[in-house]
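Structure file model23.pdb; described as PDB, C-alpha atoms and all ligand atoms.
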```pdb
ATOM      1  CA  MET A  14      78.348 168.020  86.100
ATOM      2  CA  ILE A  15      74.636 168.036  85.294
ATOM      3  CA  LYS A  16      75.166 165.323  82.721
ATOM      4  CA  ASP A  17      76.761 162.948  85.209
ATOM      5  CA  ASN A  18      74.238 163.746  87.902
ATOM      6  CA  ILE A  19      71.319 162.897  85.617
ATOM      7  CA  LYS A  20      72.977 159.633  84.660
ATOM      8  CA  GLU A  21      73.518 158.754  88.301
ATOM      9  CA  VAL A  22      69.929 159.491  89.320
ATOM     10  CA  ARG A  23      68.559 157.561  86.349
ATOM     11  CA  ALA A  24      70.754 154.578  87.146
ATOM     12  CA  ASN A  25      69.210 154.485  90.611
ATOM     13  CA  LEU A  26      65.630 154.537  89.397
ATOM     14  CA  GLN A  27      63.589 151.442  88.699
ATOM     15  CA  GLU A  28      61.875 151.037  85.372
ATOM     16  CA  GLY A  29      58.636 152.957  85.246
ATOM     17  CA  VAL A  30      59.666 155.628  87.743
ATOM     18  CA  CYS A  31      59.329 159.051  86.158
ATOM     19  CA  LEU A  32      62.116 161.556  86.805
ATOM     20  CA  VAL A  33      61.117 165.217  86.992
ATOM     21  CA  ALA A  34      64.227 167.403  86.857
ATOM     22  CA  VAL A  35      63.413 170.363  89.084
ATOM     23  CA  SER A  36      65.056 173.305  87.348
ATOM     24  CA  LYS A  37      63.635 176.119  89.489
ATOM     25  CA  TYR A  38      66.154 178.895  90.183
ATOM     26  CA  HIS A  39      68.568 177.352  87.657
ATOM     27  CA  PRO A  40      69.436 179.106  84.390
ATOM     28  CA  ILE A  41      68.291 178.213  80.886
ATOM     29  CA  GLU A  42      71.770 176.858  80.161
ATOM     30  CA  ALA A  43      71.405 174.281  82.913
ATOM     31  CA  VAL A  44      68.090 173.077  81.464
ATOM     32  CA  LYS A  45      69.763 172.827  78.045
ATOM     33  CA  GLU A  46      72.460 170.584  79.486
ATOM     34  CA  ALA A  47      69.906 168.244  80.992
ATOM     35  CA  TYR A  48      67.933 168.355  77.744
ATOM     36  CA  ALA A  49      71.033 167.297  75.800
ATOM     37  CA  GLU A  50      71.196 164.297  78.104
ATOM     38  CA  GLY A  51      67.706 163.313  76.963
ATOM     39  CA  GLN A  52      65.758 164.767  79.901
ATOM     40  CA  ARG A  53      62.354 166.052  78.764
ATOM     41  CA  ILE A  54      60.358 166.537  81.966
ATOM     42  CA  PHE A  55      61.152 169.554  84.108
ATOM     43  CA  GLY A  56      59.604 170.994  87.253
ATOM     44  CA  GLU A  57      59.210 174.685  88.047
ATOM     45  CA  SER A  58      57.580 176.492  90.943
ATOM     46  CA  ARG A  59      57.179 180.090  89.759
ATOM     47  CA  GLU A  60      54.986 181.184  86.906
ATOM     48  CA  GLN A  61      57.205 184.008  85.655
ATOM     49  CA  GLU A  62      60.382 181.972  85.682
ATOM     50  CA  LEU A  63      58.568 179.135  83.949
ATOM     51  CA  ARG A  64      57.162 181.455  81.290
ATOM     52  CA  ILE A  65      60.638 182.655  80.329
ATOM     53  CA  LYS A  66      61.995 179.111  80.158
ATOM     54  CA  TYR A  67      58.977 177.872  78.218
ATOM     55  CA  GLU A  68      59.482 180.588  75.632
ATOM     56  CA  CYS A  69      63.230 180.035  75.187
ATOM     57  CA  LEU A  70      63.464 176.267  75.279
ATOM     58  CA  PRO A  71      62.427 173.452  72.906
ATOM     59  CA  LYS A  72      58.712 172.799  72.709
ATOM     60  CA  ASP A  73      58.962 169.068  73.287
ATOM     61  CA  ILE A  74      59.775 169.721  76.958
ATOM     62  CA  LYS A  75      57.029 168.741  79.391
ATOM     63  CA  TRP A  76      56.720 171.354  82.116
ATOM     64  CA  ASN A  77      55.340 170.328  85.495
ATOM     65  CA  PHE A  78      54.215 172.968  87.963
ATOM     66  CA  ILE A  79      55.260 171.992  91.499
ATOM     67  CA  GLY A  80      55.025 175.201  93.566
ATOM     68  CA  HIS A  81      52.217 177.035  95.249
ATOM     69  CA  LEU A  82      49.957 178.267  92.455
ATOM     70  CA  GLN A  83      47.870 181.402  92.836
ATOM     71  CA  THR A  84      44.551 181.299  91.016
ATOM     72  CA  ASN A  85      45.349 184.492  89.123
ATOM     73  CA  LYS A  86      48.421 182.824  87.572
ATOM     74  CA  VAL A  87      46.612 179.782  86.204
ATOM     75  CA  LYS A  88      45.656 181.489  82.950
ATOM     76  CA  TYR A  89      49.307 182.014  82.016
ATOM     77  CA  ILE A  90      50.319 178.378  82.300
ATOM     78  CA  ALA A  91      47.067 176.778  81.124
ATOM     79  CA  PRO A  92      47.939 176.816  77.402
ATOM     80  CA  TYR A  93      51.044 174.657  77.773
ATOM     81  CA  ILE A  94      51.492 173.122  81.232
ATOM     82  CA  SER A  95      51.852 169.349  81.198
ATOM     83  CA  LEU A  96      51.005 168.531  84.818
ATOM     84  CA  ILE A  97      50.079 170.692  87.809
ATOM     85  CA  GLU A  98      51.320 168.761  90.841
ATOM     86  CA  SER A  99      50.405 171.226  93.561
ATOM     87  CA  VAL A 100      46.612 171.407  93.579
ATOM     88  CA  ASP A 101      45.496 172.062  97.137
ATOM     89  CA  SER A 102      41.967 173.484  96.960
ATOM     90  CA  LEU A 103      38.650 173.230  95.185
ATOM     91  CA  LYS A 104      38.969 176.880  94.231
ATOM     92  CA  LEU A 105      42.221 176.221  92.399
ATOM     93  CA  MET A 106      40.749 173.159  90.732
ATOM     94  CA  LYS A 107      37.817 175.207  89.442
ATOM     95  CA  GLU A 108      40.111 177.864  88.026
ATOM     96  CA  ILE A 109      42.311 175.290  86.281
ATOM     97  CA  ASN A 110      39.202 173.684  84.801
ATOM     98  CA  LYS A 111      37.933 177.064  83.591
ATOM     99  CA  GLN A 112      41.221 178.090  81.993
ATOM    100  CA  ALA A 113      41.732 174.648  80.471
ATOM    101  CA  GLU A 114      38.307 174.896  78.869
ATOM    102  CA  LYS A 115      39.248 178.252  77.349
ATOM    103  CA  CYS A 116      42.324 176.613  75.826
ATOM    104  CA  ASN A 117      40.313 173.635  74.710
ATOM    105  CA  ARG A 118      42.569 171.345  76.741
ATOM    106  CA  ILE A 119      42.314 168.778  79.473
ATOM    107  CA  ILE A 120      44.932 169.547  82.110
ATOM    108  CA  ASP A 121      46.381 166.765  84.255
ATOM    109  CA  ILE A 122      46.652 167.551  87.952
ATOM    110  CA  LEU A 123      47.789 165.937  91.207
ATOM    111  CA  LEU A 124      46.270 166.477  94.644
ATOM    112  CA  GLU A 125      48.928 167.852  96.975
ATOM    113  CA  LEU A 126      48.763 166.332 100.434
ATOM    114  CA  HIS A 127      50.233 167.698 103.631
ATOM    115  CA  LEU A 128      51.640 164.805 105.624
ATOM    116  CA  ALA A 129      54.807 166.342 107.032
ATOM    117  CA  THR A 130      54.805 167.673 110.562
ATOM    118  CA  GLU A 131      56.197 171.086 109.629
ATOM    119  CA  GLU A 132      53.572 173.780 109.377
ATOM    120  CA  THR A 133      55.454 175.440 106.553
ATOM    121  CA  LYS A 134      54.648 172.668 104.138
ATOM    122  CA  SER A 135      51.706 173.169 101.835
ATOM    123  CA  GLY A 136      48.978 170.838 100.669
ATOM    124  CA  MET A 137      45.688 169.475 101.975
ATOM    125  CA  LEU A 138      45.347 167.424 105.112
ATOM    126  CA  PRO A 139      44.050 163.931 104.342
ATOM    127  CA  ALA A 140      40.629 164.798 105.810
ATOM    128  CA  GLU A 141      40.408 167.966 103.681
ATOM    129  CA  CYS A 142      41.284 165.998 100.584
ATOM    130  CA  MET A 143      38.631 163.371 101.311
ATOM    131  CA  GLN A 144      36.100 166.103 101.947
ATOM    132  CA  LEU A 145      36.915 167.679  98.597
ATOM    133  CA  LEU A 146      36.518 164.360  96.807
ATOM    134  CA  ASP A 147      33.295 163.551  98.691
ATOM    135  CA  GLY A 148      31.938 166.898  97.473
ATOM    136  CA  ASN A 149      31.702 165.478  93.951
ATOM    137  CA  GLU A 150      32.033 168.931  92.308
ATOM    138  CA  TRP A 151      35.246 167.749  90.694
ATOM    139  CA  ARG A 152      33.289 165.137  88.777
ATOM    140  CA  GLU A 153      31.673 167.904  86.723
ATOM    141  CA  MET A 154      34.996 169.456  85.775
ATOM    142  CA  LYS A 155      35.497 168.060  82.316
ATOM    143  CA  ASN A 156      38.735 169.898  81.550
ATOM    144  CA  ILE A 157      40.870 168.548  84.367
ATOM    145  CA  ARG A 158      42.018 165.034  84.985
ATOM    146  CA  ILE A 159      43.073 163.994  88.488
ATOM    147  CA  CYS A 160      46.086 161.728  87.972
ATOM    148  CA  GLY A 161      47.331 161.037  91.487
ATOM    149  CA  ILE A 162      48.886 162.627  94.551
ATOM    150  CA  MET A 163      51.949 164.675  95.429
ATOM    151  CA  MET A 164      53.577 165.177  98.822
ATOM    152  CA  MET A 165      56.799 166.345 100.446
ATOM    153  CA  ALA A 166      58.260 164.550 103.422
ATOM    154  CA  SER A 167      59.503 166.441 106.466
ATOM    155  CA  ALA A 168      62.942 167.992 106.103
ATOM    156  CA  THR A 169      64.788 165.798 108.587
ATOM    157  CA  ASN A 170      67.628 163.291 108.689
ATOM    158  CA  ASP A 171      65.438 160.869 110.588
ATOM    159  CA  GLU A 172      64.969 158.179 107.991
ATOM    160  CA  SER A 173      62.300 156.308 109.940
ATOM    161  CA  LYS A 174      60.190 159.459 110.126
ATOM    162  CA  ILE A 175      60.467 160.052 106.382
ATOM    163  CA  ARG A 176      59.703 156.425 105.668
ATOM    164  CA  LYS A 177      56.601 156.649 107.833
ATOM    165  CA  GLU A 178      55.362 159.676 105.872
ATOM    166  CA  PHE A 179      55.926 157.960 102.525
ATOM    167  CA  LYS A 180      54.106 154.866 103.752
ATOM    168  CA  GLN A 181      51.262 157.057 104.921
ATOM    169  CA  ALA A 182      51.165 158.685 101.480
ATOM    170  CA  ASP A 183      51.034 155.329  99.788
ATOM    171  CA  GLU A 184      48.203 154.118 102.019
ATOM    172  CA  LEU A 185      46.286 157.282 101.245
ATOM    173  CA  PHE A 186      46.894 156.840  97.536
ATOM    174  CA  ASN A 187      45.440 153.342  97.728
ATOM    175  CA  ARG A 188      42.464 154.524  99.729
ATOM    176  CA  ILE A 189      41.695 157.371  97.334
ATOM    177  CA  LYS A 190      42.153 155.095  94.334
ATOM    178  CA  GLU A 191      39.817 152.502  95.808
ATOM    179  CA  GLN A 192      37.175 154.990  96.893
ATOM    180  CA  TYR A 193      37.054 157.409  93.977
ATOM    181  CA  PHE A 194      39.124 156.242  91.026
ATOM    182  CA  ARG A 195      38.839 152.490  91.014
ATOM    183  CA  ASP A 196      38.093 152.223  87.304
ATOM    184  CA  ASP A 197      40.184 155.187  86.254
ATOM    185  CA  VAL A 198      43.569 154.135  84.863
ATOM    186  CA  ALA A 199      44.701 157.760  84.725
ATOM    187  CA  PHE A 200      44.799 157.951  88.519
ATOM    188  CA  SER A 201      48.237 156.396  88.852
ATOM    189  CA  ILE A 202      50.883 158.974  89.797
ATOM    190  CA  LYS A 203      52.572 158.840  93.198
ATOM    191  CA  SER A 204      54.780 161.893  93.337
ATOM    192  CA  TYR A 205      56.862 161.605  96.477
ATOM    193  CA  GLY A 206      60.593 162.016  96.803
ATOM    194  CA  MET A 207      63.128 164.782  96.237
ATOM    195  CA  SER A 208      66.945 164.893  96.082
ATOM    196  CA  ASN A 209      67.549 163.715  99.629
ATOM    197  CA  ASP A 210      64.907 161.030  99.820
ATOM    198  CA  TYR A 211      64.024 159.842  96.314
ATOM    199  CA  LEU A 212      65.488 156.372  96.840
ATOM    200  CA  LEU A 213      63.513 155.900 100.015
ATOM    201  CA  ALA A 214      60.406 157.227  98.254
ATOM    202  CA  GLN A 215      60.874 154.737  95.457
ATOM    203  CA  GLU A 216      61.210 151.954  98.017
ATOM    204  CA  CYS A 217      57.909 153.082  99.541
ATOM    205  CA  GLY A 218      56.034 152.945  96.238
ATOM    206  CA  SER A 219      56.663 156.301  94.577
ATOM    207  CA  ASN A 220      56.629 156.164  90.774
ATOM    208  CA  HIS A 221      57.366 159.842  90.146
ATOM    209  CA  VAL A 222      60.238 161.724  91.813
ATOM    210  CA  ARG A 223      61.084 165.428  91.721
ATOM    211  CA  VAL A 224      64.834 165.895  91.864
ATOM    212  CA  GLY A 225      66.417 169.354  91.837
ATOM    213  CA  SER A 226      69.635 170.020  93.748
ATOM    214  CA  LYS A 227      71.013 166.532  93.175
ATOM    215  CA  ILE A 228      70.966 167.230  89.433
ATOM    216  CA  PHE A 229      71.630 170.949  89.185
ATOM    217  CA  CYS A 230      73.728 171.398  92.386
TER     218      CYS A 230
HETATM  219  C1  LIG A 301      62.191 172.419  95.080
HETATM  220  C2  LIG A 301      61.267 171.295  95.098
HETATM  221  C3  LIG A 301      61.712 169.995  94.782
HETATM  222  C4  LIG A 301      63.169 169.656  94.527
HETATM  223  O1  LIG A 301      63.885 169.721  95.708
HETATM  224  P1  LIG A 301      65.416 169.220  95.764
HETATM  225  O2  LIG A 301      65.654 168.997  97.199
HETATM  226  O3  LIG A 301      66.222 170.331  95.197
HETATM  227  O4  LIG A 301      65.492 167.998  94.972
HETATM  228  C5  LIG A 301      60.765 168.989  94.752
HETATM  229  N1  LIG A 301      59.467 169.222  94.991
HETATM  230  C6  LIG A 301      59.007 170.444  95.299
HETATM  231  C7  LIG A 301      57.560 170.621  95.561
HETATM  232  C8  LIG A 301      59.882 171.520  95.358
HETATM  233  O5  LIG A 301      59.417 172.733  95.676
END
```

For the file at hand, write its structure as structure tokens.
Amino acid sequence: MIKDNIKEVRANLQEGVCLVAVSKYHPIEAVKEAYAEGQRIFGESREQELRIKYECLPKDIKWNFIGHLQTNKVKYIAPYISLIESVDSLKLMKEINKQAEKCNRIIDILLELHLATEETKSGMLPAECMQLLDGNEWREMKNIRICGIMMMASATNDESKIRKEFKQADELFNRIKEQYFRDDVAFSIKSYGMSNDYLLAQECGSNHVRVGSKIFC
């Protein structure tokens, strides 16, 4: 039951850890069940699916975009998206800033980092991310706000490997915070952890977890 699953995940989370219920591929009815349980933050990875859900569901839901985002899709989500977690290029950042300006909004974003060893995973390598931030172009983008980082650990049962990746993420977060966002309280989100590893992620400093299958089955 979705209701029981949400309760279980919440009971495992420390105070201050934000739960994003990842509802991608799950029907409107499933989101409604989680909503009835008080859940208000949901994660989606496809623009079209998100659009349909956004239109049908209550407007106090906060929608987070967590999948690969094509620049030509940004304009569709810009009017309402709450947080874009999967920002992996300067080009995408520029487009989000442009569309946010058109909507007269400031859109919160996370920098997606690639720390897993699988090539299939998306995101920027640490060096690419630092290069982007060193470029300073982002400082002129007044309609986006960089709020932290997002990453996915390798899909493996090797707990020590996953732990190492989360630790690496947390060290990077601290380095980026120190170097570029020291006086910026908004830069605070550490989005690591999914259904199989959210407890480990929390242990390693994550304050924002994205849980899908554990809630929706
Ligand atoms: C699908 C997805 C999740 C949720 O994964 P589960 O294993 O179902 O919890 C989290 N983050 C991202 C980026 C995803 O694409």

Given the file shown, determine the residues that the PyMOL selection byres (((chain A and resi 114) around 10) and not hetatm) selects; report them as a list in words.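 What the PyMOL selection byres (((chain A and resi 114) around 10) and not hetatm) grabs from the file is Ala91, Pro92, Glu108, Ile109, Asn110, Lys111, Gln112, Ala113, Lys115, Cys116, Asn117, Arg118, Ile119, Ile120, Met154, Lys155, Asn156 and Ile157 of chain A.
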
Can you tell me which residues come within 9 Å of ligand LIG 301 (chain A) when counting only C-alpha atoms and all ligand atoms, ideally as a VMD selection string? chain A and resid 33 to 37 56 to 58 78 to 81 98 to 99 135 163 to 165 204 to 211 222 to 230

With 5 Å of padding per side, what axis-aligned box (centre and edge lengths, Å, one decimal) covers all the listed atoms of stretch 67-82 of chain A? Give it as JSON.
```
{"center_x": 56.7, "center_y": 174.7, "center_z": 84.0, "size_x": 23.5, "size_y": 21.8, "size_z": 32.5}
```

What is the distance, in Å and to one decimal place, between atom CA of A:Lys66 and atom CA of A:Asp101?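 Spanning atom CA of A:Lys66 to atom CA of A:Asp101 is a straight-line distance of 24.7 Å.
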
Looking at A:Ala199, A:Cys142, A:Ala129, A:Cys217, which one is nearest to A:Val100, with distances taken over all atoms listed in the file?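 Looking only at the distances to A:Val100, the closest residue turns out to be A:Cys142.
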
Using only C-alpha atoms: which of A:Glu62, A:Glu28, A:Leu213, A:Lys134 has the shortest distance to A:Lys174: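 Under the stated criterion, the closest residue is A:Leu213.
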
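Among the candidates A:Thr84, A:Asn170, A:Gln181, A:Ser95, the one nearest to A:Leu128 when counting all atoms listed in the file is A:Gln181.
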
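Across the structure, atom CA of A:Leu82 and atom CA of A:Ile41 are spaced 21.7 Å apart.
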
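Atom CA of A:Leu105 to atom CA of A:Asn85 spans 9.4 Å [interatomic distance, one decimal].
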
Specify as number ranges by chain each residue included when the PyMOL selection byres (((chain A and resi 201) around 12) and not hetatm) is applied to this file. A: 29-31, 121-124, 158-163, 183, 186-187, 189-191, 194-200, 202-204, 218-221

Nearest to A:Lys45, chosen from A:Lys75, A:Lys107, A:Arg188, A:Lys16, with all atoms listed in the file counted in the distances: A:Lys16

Tell me which residues the PyMOL selection byres (((chain A and resi 48) around 12) and not hetatm) grabs here, as a PyMOL selection string. chain A and resi 15-16+19+33-34+36+41-47+49-55+70-75
